[in-house]
Structure formats: C-alpha cells, structure tokens
Amino acid sequence: MTGRLLRSRGARKFRRNRLAMAALGVILLYFATAVFLFFGGVSMEATKERVAPKHTPGFFQTPDLDQRLAFAMHFISEVDSATRLASRRDQHPHDILVEKALAERRPARLEPQRYDELLDEAFGILEEELDLVDNIADHPELEPRVERVEEIAAAFFPMPTGWEGRAYWSRTFLGSDAAGQSISIRAIYSIKVAFQIGLITSVISVLFGSLLGAAAAFFGGWVDHAITWVFSTLSSIPYLVLLSVLIVVFFGTIFDDPERPFLSLVPIYVAFCSTFWIGPCRVIRGETMKIKELEYVQAATAIGFGRVYILLKHVIPNTAHLMFINFSLLFIGAIKSEVILSFLGLGVKGQASWGIMIRDAKDEVASYFFWQIGAATFLMFVLVLAFNIFTDALQDAFDPRHVD
Amino acid sequence: MALMEVRNLVKRFPVRGGVLNRVIGHVHAVSDVSFDVHKGETLGVVGESGCGKSTLGKMLIRLIEPTSGTIRYEGKDITTLDHVELMPFRRTMQIIFQDPYSSLNPRLTVRSLLREAIAFHRIVPRAEMDEYITNLIRKVGLRADAADKFPHEFSGGQRQRIGIARALATRPEFIVADEPVSALDVSIQAQVLNLLMDLKDEFGLTLVFISHDLKVIQHFCDRVMVMYLGRAVEMMPCLDLDEQARHPYSKALLGANPIDDPSDRRPLTILQGDVPSPFNVPKGCPFTGRCPEVIDRCREEMPPAVSHSDGHLVACWVASEGVAECQRGA
Ligand SMILES: Nc1ncnc2c1ncn2[C@@H]1O[C@H](COP(=O)(O)OP(=O)(O)O)[C@@H](O)[C@H]1O
Ligand SMILES: [Mg+2]
C-alpha cells in the first residue's frame, strides 16, 4: 500500500518540489534527533545540570563584567568549600572537586598549597578592589582585575579542549537559564517530548478517526448516525476544557507524577486523541461516500466479497493519501498544542519542553535576555514551517481538489 | 424455459430534501418491467441516458435491491436470497461497467484484482492460478506482462479489456454489459465489441447488452428491449428492426441513427421536447409529452404490452390499435 503510494504520480510530483524536499530533510533531521534522544542519546539529567551561572548569554554576546565575575566566582566558591572540607578530612581538595565536575569542566589537580594561594588572591581582589564599587559593570577600568579572577577560576577548572571542549561549547553556546541549565540542551531535548506527543496522538487519531469515518460512510444507517452524533458532540468541547477535567480526574495518580515523564503525558494523549480524531474522521467519511459509489466497489460486491473485506481492501487503501495529509496536519497541531499547554502549566511536567522554556523566559524578556525564548521558538518555528510546507506539498501532490 | 425471468421489476430511489432531510419524493428509475432472457442470447437494452438501463442491469445481478418484482434465474427467485445464498449466483452472474476509469481499483495490479476473484470462488487450484490468469489476460487481447501493472498504466480500451477479464475470471454464464464501449474512442469501440462477442461465443455466455446506441445493438444483439423513462416500451428481435419497429419512440430512435445507405429517404422523426424527469412521472404513457402520434387515451392510461407477432411486444395505444388479441405480454 505504501509502496504503491511512493510510486504514484503524486509522489513523483512531490519529489519534483525542491522546497518540499528540503522541508522533508529538515523533518527527518528532527526525527533523527528525536529518535536519538528517545534512546537516551542525551540523559534527562543533562537538561537539569547547572552548566553556567544563571542567565549566561550565548556565543556572540559578551557578558558584562558583573556576569563574568559571577561566573568565575561560581567556580572559585566551589573550590573554596572543597578545600575547607578537604583540610578537615585531611584529603586532597581535588578528590572532593572531581565529584563536583561542572558540566564538561573538570577540576585540575594542583599542589595542595596552591589552592590556598590562589583562593587568597581571588578573595583579596574581590574584597579589596571589586566589592568597593556598587556596580562593576559601570567600571570598565576594573576589567583586568576581573580577568585575573577568571584566570584563577580557569586554573582550578581549566577550559576543556579537543572533543571535551566542543561538548562544553555545545552546552553553553546558547547560554543558560535562570537555574544555570543549558539552553541548547533543553531546547534540543524538547524535540523528544514534542515528537512523542505529536506522533502518538496523530497516529492514534488518524487511524481511529479514519476507520470510524470510513465505516460510518460505508455502512451508513445507524452506524453513520451514531458516529456523526459522537463527533458532533465531542467537537463542541474544546480540548482545553477536556484536558482540565482529565487533569482533575488524574490528580494524584501515577499519571500525575513528574518522576514518570512518560505516564505523566497520558492525560495529554487522552485529551488530544479524543478531539483530534474528528478531523480525519470527517475527511475520510466524505471521501468514502464518494468511493463507495465507484464501480470498482460495485465490481467487488458483484464478485461476492463481504462488506468488511471491501471496506478494508478496496475503500480504505484508496483514502491513504488523505490519511497521510491528515497525519501531517495533526502532528503539527499536536506539537503546537503541547507548547501552549506547557506554557499554561497544564502540559508536560518534569522534563524540558518548548512551552516550559517559553514560560520560564517570561521574566527574562523584560530584562532583555532573549536566549531562552529565542532558542525554543526558533526550533519550534523551523519544525512547524517545515511541516507546513511539507503538508502543502502533500496536498498539492495527492489531493486532486487542491489546485496548484 | 428462459434462463432469466424478470417480472414486474420496480426500482424507486427515495429523494431526500428540506432541512430535515426527509424523503420528499421518489425517482422512478425502473417501473414495472417484465421480460425473459434466453440462454445463449444477447439481449440489447436501449434507451436515452437516465431511462433506468443501468439500474435495471444492476438489479439483475443484485447490485441494486429491487423495490418490488421478482427475478428468477434458472427458475430460482434470487431477489430474496441473502449474502450466503447468493454466493453461487455471484460467481455465475457478472457485470462489465461503463467507465473504464472508476471500474478498476487504482491500488491493485491486474494480477491481484483477478486473483482476488478467482481465489474467492476457488475457480482453479492455487498451483494453476498464474497460468489461468495469464490465459485470461491473453484471451482479452492483452500481453502477458500486463499482469503486474497498475490500472493507470493502461489506456481506456485496455482498461475495459481488464474489466472484461475480471468479469470472466469466475467463469460466469450470465453477464450484464452496461454500455461497455460508450466511454471509449470510436476507433476502438469496434475492437472491444468484437472481442466481447468472440468471448461470448467461446464461453457460451448469455449477455444483457446495455447501450444508448441502437445501431450498436442492431449489430450485436439477437433481441432488443427499448426503454423509456423506466418502462419497457417495445421488445422485438433485432433482425428486422428497421421495418418492424412499432412504438413511436423506437421509430424515433431509429431515425436518430445515422443512416448507412444514402438512398434511404425515410423521413427523420426528430424527437421534440425534453425527457420528462423520472421524478414524479406523469400518469399514462410516459412518452406522451414528446410523442408525434399521441391520442387522448395515452394521457389517461399506461398502455399494456401487446404481442404484435411472435416475440414482438409493443406498449402503445396507437401502434396496438387493430391488433386483435390484446393479450398482456411476457
Ligand atoms: N442511487 C441513486 N439514487 C437516486 N437516484 C438514482 C440513483 N441511481 C440512479 N438514479 C436515477 O435513476 C434514473 C435512472 O438512472 P440510470 O439507471 O443510471 O440510467 P441510465 O443508465 O439509463 O442512464 C436517473 O434519473 C438517475 O438519476
Ligand atoms: Mg447508465
């Protein structure tokens, strides 16, 4: 059935559409990333790890002196508490620091007395020179001193090089959020939950809706009346309301546990699927109305095949292109809805999602920090755009009613 | 005994409308049609588009449920059979459709659509399936490599041949050919018609051949039934159709045929007016509005089918005047 679809005239028309092929490439890239993430390519802990001080800007924006100092002091205070603990336990400070490796930056192993020397120097600069001014950002002449503190921090935690350096860069090049978590990791990790929700809800909705729609049109009579009644009734309930009810119903159960990221999505799946199937159901019902009058269906009846066989073998396969288009429409609809719900706090819990990132960025935007909202919206925008182009091209290629 | 006996067959389609989508009337697609089909013959059914030919043809093989009336096949009433009881008749009775495009499932190769039917009725053992299919494809004049192609790879004429192969796949005895060449180019109509007639002889088929073209019917059929607005108005052998046609509508149809012989100077009877809608047919003869020979009685009463000579039935007050024994036909 799919093979036939891929060899059809529509498929050839689709392949000639350069833009659509590019969009397909982008979608496949996202999909590969989602699969990679799904099989643990990036651990969930990595999205929660503190890789930098809060609101560190991304690669092309130089942080101001204030932020640079805070960033350096972040490492220095780690070393400070580690040396104290080490002297009490009579250990080498490095043994304590290795456990605290910050992101990809590993502690250097220095002579024990070197720790105290450098710490003294750093705190000296801080207390005697830098703490005297109100706002270091307004005092560019202090930059060499901040640089010295940065050097000391780098002595404790050298900048990684080679592959480790690249990994470090990949975590910090888009900056960090209010909790010091990597924006790049979180934005990419969000692809996983977006695809998970998009795929599961659209596959279930399309299969379920198409089957019901085809059955309704094909068998007619009370089957049609019943199915039409159900979807007209359901479609009058906005899924937000449905979801709110489901959240109350599932409150406190295993479906409401941020520690179980998969199960906690169940209310969303249920709410989405129970409204999303209506679209494909309507479309496939209309198409089946047409197909069932066609002579090849009558020919199948004349041979003596049963109704169900005819429905499955001769009718539904001929709606495959519409199922495909609907799948694409619903997929992107589900992802957008997921983002909106997560933004409202009704959606994803306990894992990174574009909606949560955008919500977290609410306050940052007021202070001109756009890295988080920028990364989340960019990744979402590219995916939605690619899917819209893809769906349009599908409709052009496969839906005869869609004029080009 | 006739192979098929059709008695008082009626089909009314409900017409829905209004806000409540209630039944507001009926289309009288086929009204009170009775006739016999003899074994081995080709019965032509002719009439203008919309006169109920397809509805009649599909009722004969139970693709459309009759509103009333009976159809007996080899003496057995098939109008009341359920799906399971109908199975042997499904194998025996087949149909060839008009539209070569919508009559083939675009997702099935020729082989799979033939195999489906053959396997369902267990026509040949599995091992002989491929050979049987190849033979069938050759029989309808296609190359053996057509088997693994999809319908869209064929021309209209070739697709119609595939439709014929499908109809023959179950080794039927009775075939309804519903305007099998009307959708084809004139240049290939004759080829497909000749093929059909050859196959009919080869397989000993009984054919109900539907067409709106009396000339084609004259050429290929043994008997012809002329339909007008859901009714059979004349039934006669094809041989001397030109001379013997009695019903004004049949005569008009003959006049509308292009004439081969330029010396033939019969006046053309041009049909006046439009076909009345089969939705709420007037009482009396349906042809009154356009009939050149109409008399008062025509508007009051539907004329009965009257036997003019052996095997020649006419339903017309004017034409049947003077025919002594006014016996009901069939
Ligand atoms: N399924 C249907 N529902 C309602 N009316 C129908 C249906 N099928 C046919 N008709 C009507 O019945 C009449 C006869 O149609 P048909 O048998 O297709 O005529 P023909 O084959 O002679 O052109 C037409 O007026 C047509 O509109
Ligand atoms: Mg017809």
# chains A, B, ... in the order shown; residues from 1 in each chain; ligands from 1
>>> residues_near_ligand(ligand="ligand 2", cutoff="7 Å", atoms="only C-alpha atoms and all ligand atoms", output="list in words")
Ser49, Gly50, Lys53, Ser54, Asp178 and Glu179 of chain B
>>> residues_near_ligand(ligand="ligand 1", cutoff="9 Å", atoms="only C-alpha atoms and all ligand atoms", output="count of residues only")
37
>>> atom_distance(atom1="CA of Val6 in chain B", atom2="CA of Val37 in chain B")
8.2 Å
>>> closest_residue(among="A:Pro238, A:Gly355, A:Gly304, A:Gly10", to="His121 in chain B", atoms="only C-alpha atoms")
A:Gly304
>>> residues_around(residues="Tyr269 in chain A", least_positions_apart="3", cutoff="10 Å", atoms="only C-alpha atoms", output="mmCIF file with N, CA and C atoms, in the first residue's frame")
data_model
loop_
_atom_site.group_PDB
_atom_site.id
_atom_site.type_symbol
_atom_site.label_atom_id
_atom_site.label_comp_id
_atom_site.auth_asym_id
_atom_site.auth_seq_id
_atom_site.Cartn_x
_atom_site.Cartn_y
_atom_site.Cartn_z
ATOM 1 N N GLN A 196 7.184 12.888 20.646
ATOM 2 C CA GLN A 196 6.459 11.827 21.338
ATOM 3 C C GLN A 196 4.956 12.125 21.306
ATOM 4 N N ILE A 197 4.615 13.347 21.699
ATOM 5 C CA ILE A 197 3.194 13.712 21.723
ATOM 6 C C ILE A 197 2.642 13.789 20.304
ATOM 7 N N GLY A 198 3.418 14.414 19.418
ATOM 8 C CA GLY A 198 2.951 14.559 18.036
ATOM 9 C C GLY A 198 2.684 13.217 17.388
ATOM 10 N N ILE A 200 2.418 10.047 18.756
ATOM 11 C CA ILE A 200 1.430 9.164 19.391
ATOM 12 C C ILE A 200 0.017 9.667 19.130
ATOM 13 N N THR A 201 -0.212 10.972 19.360
ATOM 14 C CA THR A 201 -1.590 11.444 19.190
ATOM 15 C C THR A 201 -2.008 11.438 17.723
ATOM 16 N N SER A 202 -1.106 11.789 16.814
ATOM 17 C CA SER A 202 -1.571 11.850 15.428
ATOM 18 C C SER A 202 -1.763 10.451 14.854
ATOM 19 N N ILE A 204 -2.604 7.670 16.505
ATOM 20 C CA ILE A 204 -3.840 7.107 17.068
ATOM 21 C C ILE A 204 -5.059 7.818 16.476
ATOM 22 N N SER A 205 -5.009 9.152 16.441
ATOM 23 C CA SER A 205 -6.180 9.892 15.965
ATOM 24 C C SER A 205 -6.486 9.570 14.508
ATOM 25 N N LEU A 243 -9.084 18.650 28.796
ATOM 26 C CA LEU A 243 -7.814 18.379 29.463
ATOM 27 C C LEU A 243 -7.878 18.776 30.932
ATOM 28 N N LEU A 263 4.357 8.458 31.736
ATOM 29 C CA LEU A 263 2.977 8.324 32.195
ATOM 30 C C LEU A 263 2.313 9.673 32.423
ATOM 31 N N SER A 264 3.115 10.658 32.828
ATOM 32 C CA SER A 264 2.501 11.948 33.127
ATOM 33 C C SER A 264 1.951 12.607 31.868
ATOM 34 N N LEU A 265 2.299 12.050 30.694
ATOM 35 C CA LEU A 265 1.765 12.608 29.450
ATOM 36 C C LEU A 265 0.417 11.995 29.078
ATOM 37 N N VAL A 266 0.023 10.945 29.782
ATOM 38 C CA VAL A 266 -1.207 10.239 29.400
ATOM 39 C C VAL A 266 -2.437 11.153 29.332
ATOM 40 N N PHE A 272 -5.924 14.962 23.672
ATOM 41 C CA PHE A 272 -5.669 15.263 22.259
ATOM 42 C C PHE A 272 -6.383 14.257 21.364
ATOM 43 N N CYS A 273 -6.169 12.975 21.646
ATOM 44 C CA CYS A 273 -6.741 11.948 20.766
ATOM 45 C C CYS A 273 -8.255 12.054 20.730
ATOM 46 N N SER A 274 -8.863 12.348 21.885
ATOM 47 C CA SER A 274 -10.318 12.314 21.897
ATOM 48 C C SER A 274 -10.917 13.483 21.121
ATOM 49 N N ALA A 334 -0.659 18.917 17.155
ATOM 50 C CA ALA A 334 -0.395 18.375 18.485
ATOM 51 C C ALA A 334 0.819 19.057 19.102
ATOM 52 N N GLU A 338 0.756 21.197 22.428
ATOM 53 C CA GLU A 338 1.594 20.798 23.571
ATOM 54 C C GLU A 338 2.327 22.022 24.112
#
>>> atom_distance(atom1="CA of Ser184 in chain A", atom2="CA of Ser342 in chain A")
18.5 Å
>>> closest_atom_pairs(of="chain A", to="chain B", cutoff="8 Å", atoms="only C-alpha atoms", output="JSON lines")
{"residue": "A:Met1", "atom": "CA", "partner": "B:Arg107", "partner_atom": "CA", "distance": 7.3}
{"residue": "A:Arg4", "atom": "CA", "partner": "B:Arg107", "partner_atom": "CA", "distance": 6.8}
{"residue": "A:Leu294", "atom": "CA", "partner": "B:Ser102", "partner_atom": "CA", "distance": 5.8}
{"residue": "A:Glu295", "atom": "CA", "partner": "B:Ser103", "partner_atom": "CA", "distance": 4.4}
{"residue": "A:Tyr296", "atom": "CA", "partner": "B:Ser103", "partner_atom": "CA", "distance": 4.2}
{"residue": "A:Val297", "atom": "CA", "partner": "B:Ser103", "partner_atom": "CA", "distance": 7.8}
{"residue": "A:Gln298", "atom": "CA", "partner": "B:Leu63", "partner_atom": "CA", "distance": 6.9}
{"residue": "A:Ala299", "atom": "CA", "partner": "B:Ser103", "partner_atom": "CA", "distance": 7.2}
{"residue": "A:Thr301", "atom": "CA", "partner": "B:Leu63", "partner_atom": "CA", "distance": 7.1}
{"residue": "A:Ala302", "atom": "CA", "partner": "B:Arg90", "partner_atom": "CA", "distance": 5.9}
{"residue": "A:Ile303", "atom": "CA", "partner": "B:Arg90", "partner_atom": "CA", "distance": 5.6}
{"residue": "A:Gly304", "atom": "CA", "partner": "B:Arg90", "partner_atom": "CA", "distance": 5.5}
{"residue": "A:Phe305", "atom": "CA", "partner": "B:Phe120", "partner_atom": "CA", "distance": 7.8}
{"residue": "A:His314", "atom": "CA", "partner": "B:Asn105", "partner_atom": "CA", "distance": 6.8}
{"residue": "A:Pro317", "atom": "CA", "partner": "B:Arg107", "partner_atom": "CA", "distance": 7.4}
{"residue": "A:Asn318", "atom": "CA", "partner": "B:Arg107", "partner_atom": "CA", "distance": 7.1}
>>> residues_around(residues="range 67-78 of chain B", least_positions_apart="3", cutoff="6 Å", atoms="only C-alpha atoms", output="count of residues only")
10
>>> decode(residues="range 276-287 of chain A", atoms="all heavy atoms", output="PDB file, in the first residue's frame")
ATOM      1  N   PHE A 276      -8.809  15.094  18.446  1.00  0.00           N
ATOM      2  CA  PHE A 276      -8.123  15.174  17.155  1.00  0.00           C
ATOM      3  C   PHE A 276      -8.661  14.186  16.121  1.00  0.00           C
ATOM      4  O   PHE A 276      -8.534  14.411  14.927  1.00  0.00           O
ATOM      5  CB  PHE A 276      -6.620  14.938  17.332  1.00  0.00           C
ATOM      6  CG  PHE A 276      -5.881  16.147  17.858  1.00  0.00           C
ATOM      7  CD1 PHE A 276      -6.562  17.254  18.329  1.00  0.00           C
ATOM      8  CD2 PHE A 276      -4.490  16.168  17.876  1.00  0.00           C
ATOM      9  CE1 PHE A 276      -5.883  18.356  18.814  1.00  0.00           C
ATOM     10  CE2 PHE A 276      -3.805  17.271  18.363  1.00  0.00           C
ATOM     11  CZ  PHE A 276      -4.501  18.357  18.829  1.00  0.00           C
ATOM     12  N   TRP A 277      -9.234  13.057  16.569  1.00  0.00           N
ATOM     13  CA  TRP A 277      -9.673  12.058  15.585  1.00  0.00           C
ATOM     14  C   TRP A 277     -10.820  12.581  14.728  1.00  0.00           C
ATOM     15  O   TRP A 277     -11.115  12.033  13.663  1.00  0.00           O
ATOM     16  CB  TRP A 277     -10.092  10.762  16.279  1.00  0.00           C
ATOM     17  CG  TRP A 277     -11.300  10.876  17.154  1.00  0.00           C
ATOM     18  CD1 TRP A 277     -11.315  11.227  18.468  1.00  0.00           C
ATOM     19  CD2 TRP A 277     -12.657  10.648  16.795  1.00  0.00           C
ATOM     20  NE1 TRP A 277     -12.596  11.235  18.944  1.00  0.00           N
ATOM     21  CE2 TRP A 277     -13.450  10.880  17.940  1.00  0.00           C
ATOM     22  CE3 TRP A 277     -13.304  10.267  15.610  1.00  0.00           C
ATOM     23  CZ2 TRP A 277     -14.834  10.757  17.933  1.00  0.00           C
ATOM     24  CZ3 TRP A 277     -14.686  10.151  15.617  1.00  0.00           C
ATOM     25  CH2 TRP A 277     -15.439  10.386  16.773  1.00  0.00           C
ATOM     26  N   ILE A 278     -11.477  13.651  15.184  1.00  0.00           N
ATOM     27  CA  ILE A 278     -12.658  14.136  14.477  1.00  0.00           C
ATOM     28  C   ILE A 278     -12.298  14.644  13.074  1.00  0.00           C
ATOM     29  O   ILE A 278     -13.023  14.397  12.114  1.00  0.00           O
ATOM     30  CB  ILE A 278     -13.337  15.235  15.308  1.00  0.00           C
ATOM     31  CG1 ILE A 278     -13.874  14.606  16.584  1.00  0.00           C
ATOM     32  CG2 ILE A 278     -14.446  15.911  14.524  1.00  0.00           C
ATOM     33  CD1 ILE A 278     -14.291  15.603  17.630  1.00  0.00           C
ATOM     34  N   GLY A 279     -11.168  15.334  12.966  1.00  0.00           N
ATOM     35  CA  GLY A 279     -10.746  15.870  11.662  1.00  0.00           C
ATOM     36  C   GLY A 279     -10.637  14.771  10.615  1.00  0.00           C
ATOM     37  O   GLY A 279     -11.361  14.790   9.611  1.00  0.00           O
ATOM     38  N   PRO A 280      -9.724  13.801  10.825  1.00  0.00           N
ATOM     39  CA  PRO A 280      -9.633  12.720   9.835  1.00  0.00           C
ATOM     40  C   PRO A 280     -10.940  11.962   9.662  1.00  0.00           C
ATOM     41  O   PRO A 280     -11.255  11.527   8.558  1.00  0.00           O
ATOM     42  CB  PRO A 280      -8.537  11.798  10.385  1.00  0.00           C
ATOM     43  CG  PRO A 280      -8.220  12.289  11.744  1.00  0.00           C
ATOM     44  CD  PRO A 280      -8.678  13.698  11.845  1.00  0.00           C
ATOM     45  N   CYS A 281     -11.696  11.821  10.718  1.00  0.00           N
ATOM     46  CA  CYS A 281     -12.975  11.093  10.614  1.00  0.00           C
ATOM     47  C   CYS A 281     -13.883  11.778   9.600  1.00  0.00           C
ATOM     48  O   CYS A 281     -14.438  11.140   8.707  1.00  0.00           O
ATOM     49  CB  CYS A 281     -13.644  11.029  11.973  1.00  0.00           C
ATOM     50  SG  CYS A 281     -15.172  10.095  11.991  1.00  0.00           S
ATOM     51  N   ARG A 282     -14.006  13.105   9.696  1.00  0.00           N
ATOM     52  CA  ARG A 282     -14.856  13.860   8.763  1.00  0.00           C
ATOM     53  C   ARG A 282     -14.365  13.702   7.333  1.00  0.00           C
ATOM     54  O   ARG A 282     -15.140  13.426   6.420  1.00  0.00           O
ATOM     55  CB  ARG A 282     -14.817  15.350   9.102  1.00  0.00           C
ATOM     56  CG  ARG A 282     -15.700  15.735  10.232  1.00  0.00           C
ATOM     57  CD  ARG A 282     -16.186  17.182  10.014  1.00  0.00           C
ATOM     58  NE  ARG A 282     -17.172  17.510  11.018  1.00  0.00           N
ATOM     59  CZ  ARG A 282     -16.901  18.234  12.104  1.00  0.00           C
ATOM     60  NH1 ARG A 282     -15.686  18.709  12.304  1.00  0.00           N
ATOM     61  NH2 ARG A 282     -17.842  18.489  12.977  1.00  0.00           N
ATOM     62  N   VAL A 283     -13.043  13.905   7.170  1.00  0.00           N
ATOM     63  CA  VAL A 283     -12.484  13.883   5.812  1.00  0.00           C
ATOM     64  C   VAL A 283     -12.640  12.506   5.183  1.00  0.00           C
ATOM     65  O   VAL A 283     -13.092  12.382   4.035  1.00  0.00           O
ATOM     66  CB  VAL A 283     -10.998  14.290   5.869  1.00  0.00           C
ATOM     67  CG1 VAL A 283     -10.355  14.113   4.512  1.00  0.00           C
ATOM     68  CG2 VAL A 283     -10.869  15.727   6.338  1.00  0.00           C
ATOM     69  N   ILE A 284     -12.286  11.477   5.928  1.00  0.00           N
ATOM     70  CA  ILE A 284     -12.334  10.125   5.370  1.00  0.00           C
ATOM     71  C   ILE A 284     -13.787   9.707   5.150  1.00  0.00           C
ATOM     72  O   ILE A 284     -14.108   8.996   4.199  1.00  0.00           O
ATOM     73  CB  ILE A 284     -11.611   9.119   6.296  1.00  0.00           C
ATOM     74  CG1 ILE A 284     -10.153   9.536   6.490  1.00  0.00           C
ATOM     75  CG2 ILE A 284     -11.688   7.705   5.735  1.00  0.00           C
ATOM     76  CD1 ILE A 284      -9.297   9.501   5.271  1.00  0.00           C
ATOM     77  N   ARG A 285     -14.682  10.172   5.995  1.00  0.00           N
ATOM     78  CA  ARG A 285     -16.100   9.864   5.793  1.00  0.00           C
ATOM     79  C   ARG A 285     -16.566  10.438   4.447  1.00  0.00           C
ATOM     80  O   ARG A 285     -17.217   9.761   3.656  1.00  0.00           O
ATOM     81  CB  ARG A 285     -16.927  10.442   6.935  1.00  0.00           C
ATOM     82  CG  ARG A 285     -18.409  10.184   6.807  1.00  0.00           C
ATOM     83  CD  ARG A 285     -19.155  10.613   8.060  1.00  0.00           C
ATOM     84  NE  ARG A 285     -20.586  10.569   7.845  1.00  0.00           N
ATOM     85  CZ  ARG A 285     -21.305  11.579   7.398  1.00  0.00           C
ATOM     86  NH1 ARG A 285     -20.715  12.740   7.129  1.00  0.00           N
ATOM     87  NH2 ARG A 285     -22.589  11.460   7.201  1.00  0.00           N
ATOM     88  N   GLY A 286     -16.190  11.700   4.199  1.00  0.00           N
ATOM     89  CA  GLY A 286     -16.580  12.322   2.934  1.00  0.00           C
ATOM     90  C   GLY A 286     -16.007  11.578   1.744  1.00  0.00           C
ATOM     91  O   GLY A 286     -16.700  11.327   0.755  1.00  0.00           O
ATOM     92  N   GLU A 287     -14.725  11.206   1.857  1.00  0.00           N
ATOM     93  CA  GLU A 287     -14.071  10.512   0.746  1.00  0.00           C
ATOM     94  C   GLU A 287     -14.707   9.142   0.518  1.00  0.00           C
ATOM     95  O   GLU A 287     -14.906   8.722  -0.623  1.00  0.00           O
ATOM     96  CB  GLU A 287     -12.574  10.373   1.061  1.00  0.00           C
ATOM     97  CG  GLU A 287     -11.739   9.771  -0.055  1.00  0.00           C
ATOM     98  CD  GLU A 287     -11.571  10.705  -1.242  1.00  0.00           C
ATOM     99  OE1 GLU A 287     -12.006  11.878  -1.147  1.00  0.00           O
ATOM    100  OE2 GLU A 287     -11.018  10.263  -2.262  1.00  0.00           O
TER     101      GLU A 287
END
